[in-house]
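Comments concern the structure below.
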Amino acid sequence: MTVSWSWAKAGDSVLDLCCGSGHLAFLLSEKVGCSGKVVFFFGSRVSILDINKSEQPFITLFQEWTIDNVIVPIASQFGVKHEYTYLKRSIEEFATGRELEELASNVGFSEAKHYEFLGGFMGNLVATR
């Protein structure tokens, strides 16, 4: 969805911010093809996929429960518990979708829309400069 919402096409220049595993950069490179580049091209559109801070209390409780009882225990089994224990605190300090739209507008994006999916666990901010 993130790659689709970026509207990347053959020949475009794009950037995967906060690259993580590099999976999105790879998918973007397939979209832009040999004539494109996976780099940032500022005065354009950005599509940012991240864990979501929901404004719905039930979603927040379920998200916290899932992190504590599913994600961190599984990460522990693979020896990467430390890489996932920060998630709950990070989400608490993160901006909501509405706040992200406002922040994007405040720094000069003319349009900003935040989409929630996976039951509100994930979010994607799409903004146009």
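We name chains A, B, ... following the order of the structure tokens; residues begin at 1 in each chain, and ligands are numbered from 1 as shown.
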Do you know which residues are at most 12 Å from Val38 of chain A counting only C-alpha atoms, after dropping those on the same chain fewer than 2 positions away, and could you put them as a ChimeraX atom specification? /A:8-17,19,22,24-36,40-41
Excluding Glu92 of chain A and its own-chain neighbours fewer than 3 positions away, which residues fall within 12 Å of it when counting only C-alpha atoms? Please give them as a list in words. Ile51, Asn52, Lys53, Ser54, Glu55, Thr60, Leu61, Gln63, Glu64, Tyr86, Leu87, Lys88, Arg89, Ala95 and Thr96 of chain A
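Of the residues in segment 15-126 of chain A, those given strand (DSSP E) by DSSP on the backbone are Lys37, Val38, Arg45, Val46, Ser47, Ile48, Leu49, Asp50, Ile51, Glu111, Ala112, Lys113, His114, Tyr115, Glu116, Phe117, Met122, Gly123, Asn124, Leu125 and Val126 of chain A.
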Distance query Ala112 of chain A at most 6 Å, only C-alpha atoms, self and fewer than 6 positions along chain excluded, as a ChimeraX atom specification: /A:101,126-127
Any chance you could list, as a ChimeraX atom specification, the residues in chain A that come up helix (DSSP H, G or I) when DSSP is run on the backbone? /A:2-5,23-32,57-77,82-85,87-93,97-106
Export, as a PDB file, in the first residue's frame, the selected residues with C-alpha atoms.
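File produced: part-v6.pdb:
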ATOM      1  CA  THR A   2       2.838   2.388   0.855  1.00  0.00           C
ATOM      2  CA  VAL A   3       4.463   1.859  -2.539  1.00  0.00           C
ATOM      3  CA  SER A   4       1.113   2.271  -4.326  1.00  0.00           C
ATOM      4  CA  TRP A   5       0.276   5.464  -2.419  1.00  0.00           C
ATOM      5  CA  HIS A  23      12.154  -4.004   1.542  1.00  0.00           C
ATOM      6  CA  LEU A  24      10.219  -0.859   0.567  1.00  0.00           C
ATOM      7  CA  ALA A  25      13.296   0.575  -1.202  1.00  0.00           C
ATOM      8  CA  PHE A  26      13.507  -2.636  -3.239  1.00  0.00           C
ATOM      9  CA  LEU A  27       9.805  -2.468  -4.155  1.00  0.00           C
ATOM     10  CA  LEU A  28      10.171   1.223  -5.060  1.00  0.00           C
ATOM     11  CA  SER A  29      13.154   0.411  -7.280  1.00  0.00           C
ATOM     12  CA  GLU A  30      10.964  -2.035  -9.199  1.00  0.00           C
ATOM     13  CA  LYS A  31       8.381   0.745  -9.708  1.00  0.00           C
ATOM     14  CA  VAL A  32      10.864   3.384 -10.935  1.00  0.00           C
ATOM     15  CA  PRO A  57      -8.671   3.496  23.430  1.00  0.00           C
ATOM     16  CA  PHE A  58      -9.585  -0.108  22.560  1.00  0.00           C
ATOM     17  CA  ILE A  59      -7.082  -0.187  19.689  1.00  0.00           C
ATOM     18  CA  THR A  60      -4.396   1.273  21.976  1.00  0.00           C
ATOM     19  CA  LEU A  61      -5.023  -1.363  24.662  1.00  0.00           C
ATOM     20  CA  PHE A  62      -5.046  -4.183  22.124  1.00  0.00           C
ATOM     21  CA  GLN A  63      -1.875  -2.846  20.495  1.00  0.00           C
ATOM     22  CA  GLU A  64      -0.088  -2.687  23.882  1.00  0.00           C
ATOM     23  CA  TRP A  65      -1.276  -6.208  24.749  1.00  0.00           C
ATOM     24  CA  THR A  66      -0.045  -7.521  21.399  1.00  0.00           C
ATOM     25  CA  ILE A  67       3.379  -5.926  21.848  1.00  0.00           C
ATOM     26  CA  ASP A  68       3.758  -7.296  25.411  1.00  0.00           C
ATOM     27  CA  ASN A  69       2.300 -10.758  24.795  1.00  0.00           C
ATOM     28  CA  VAL A  70       3.061 -11.568  21.173  1.00  0.00           C
ATOM     29  CA  ILE A  71       5.713  -9.370  19.536  1.00  0.00           C
ATOM     30  CA  VAL A  72       8.267  -9.118  22.369  1.00  0.00           C
ATOM     31  CA  PRO A  73       8.026 -12.825  23.349  1.00  0.00           C
ATOM     32  CA  ILE A  74       8.538 -13.889  19.728  1.00  0.00           C
ATOM     33  CA  ALA A  75      11.438 -11.435  19.355  1.00  0.00           C
ATOM     34  CA  SER A  76      12.949 -12.902  22.539  1.00  0.00           C
ATOM     35  CA  GLN A  77      12.960 -16.360  20.981  1.00  0.00           C
ATOM     36  CA  HIS A  82      15.854  -5.401  22.840  1.00  0.00           C
ATOM     37  CA  GLU A  83      15.038  -4.314  19.274  1.00  0.00           C
ATOM     38  CA  TYR A  84      11.280  -4.548  20.029  1.00  0.00           C
ATOM     39  CA  THR A  85      10.847  -3.570  23.688  1.00  0.00           C
ATOM     40  CA  LEU A  87       7.814  -0.107  20.637  1.00  0.00           C
ATOM     41  CA  LYS A  88       5.247   0.547  23.369  1.00  0.00           C
ATOM     42  CA  ARG A  89       7.069   3.628  24.675  1.00  0.00           C
ATOM     43  CA  SER A  90       7.729   4.850  21.135  1.00  0.00           C
ATOM     44  CA  ILE A  91       4.048   4.588  20.186  1.00  0.00           C
ATOM     45  CA  GLU A  92       3.015   6.468  23.353  1.00  0.00           C
ATOM     46  CA  GLU A  93       5.291   9.368  22.344  1.00  0.00           C
ATOM     47  CA  GLY A  97      -2.642  10.582  12.387  1.00  0.00           C
ATOM     48  CA  ARG A  98      -4.426  13.886  12.839  1.00  0.00           C
ATOM     49  CA  GLU A  99      -1.301  15.388  14.475  1.00  0.00           C
ATOM     50  CA  LEU A 100       0.906  14.074  11.648  1.00  0.00           C
ATOM     51  CA  GLU A 101      -1.362  15.728   9.074  1.00  0.00           C
ATOM     52  CA  GLU A 102      -1.096  18.999  11.001  1.00  0.00           C
ATOM     53  CA  LEU A 103       2.704  18.716  11.301  1.00  0.00           C
ATOM     54  CA  ALA A 104       3.020  18.103   7.553  1.00  0.00           C
ATOM     55  CA  SER A 105       0.875  21.165   6.832  1.00  0.00           C
ATOM     56  CA  ASN A 106       2.911  23.279   9.266  1.00  0.00           C
TER      57      ASN A 106
END
Could you pull the residues within 7 Å of Asn124 of chain A, counting only C-alpha atoms, minus those fewer than 6 positions along the same chain, as a ChimeraX atom specification? /A:2,47-50,114-116
Would you put the residues from that selection into a file with C-alpha atoms, as an mmCIF file, in the first residue's frame?
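See result09.cif below for the written result:
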data_model
loop_
_atom_site.group_PDB
_atom_site.id
_atom_site.type_symbol
_atom_site.label_atom_id
_atom_site.label_comp_id
_atom_site.auth_asym_id
_atom_site.auth_seq_id
_atom_site.Cartn_x
_atom_site.Cartn_y
_atom_site.Cartn_z
ATOM 1 C CA THR A 2 2.838 2.388 0.855
ATOM 2 C CA SER A 47 4.433 8.277 1.689
ATOM 3 C CA ILE A 48 5.490 7.295 5.221
ATOM 4 C CA LEU A 49 4.562 3.915 6.669
ATOM 5 C CA ASP A 50 4.869 3.481 10.434
ATOM 6 C CA HIS A 114 -3.147 9.859 7.157
ATOM 7 C CA TYR A 115 -4.570 6.394 6.528
ATOM 8 C CA GLU A 116 -5.003 3.778 9.259
#
Have a look at A:Gly123, A:Lys113, A:Gly108, A:Leu118 and name the one nearest to Gly43 of chain A; count only C-alpha atoms.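 The answer is A:Gly108, which sits nearest to Gly43 of chain A.
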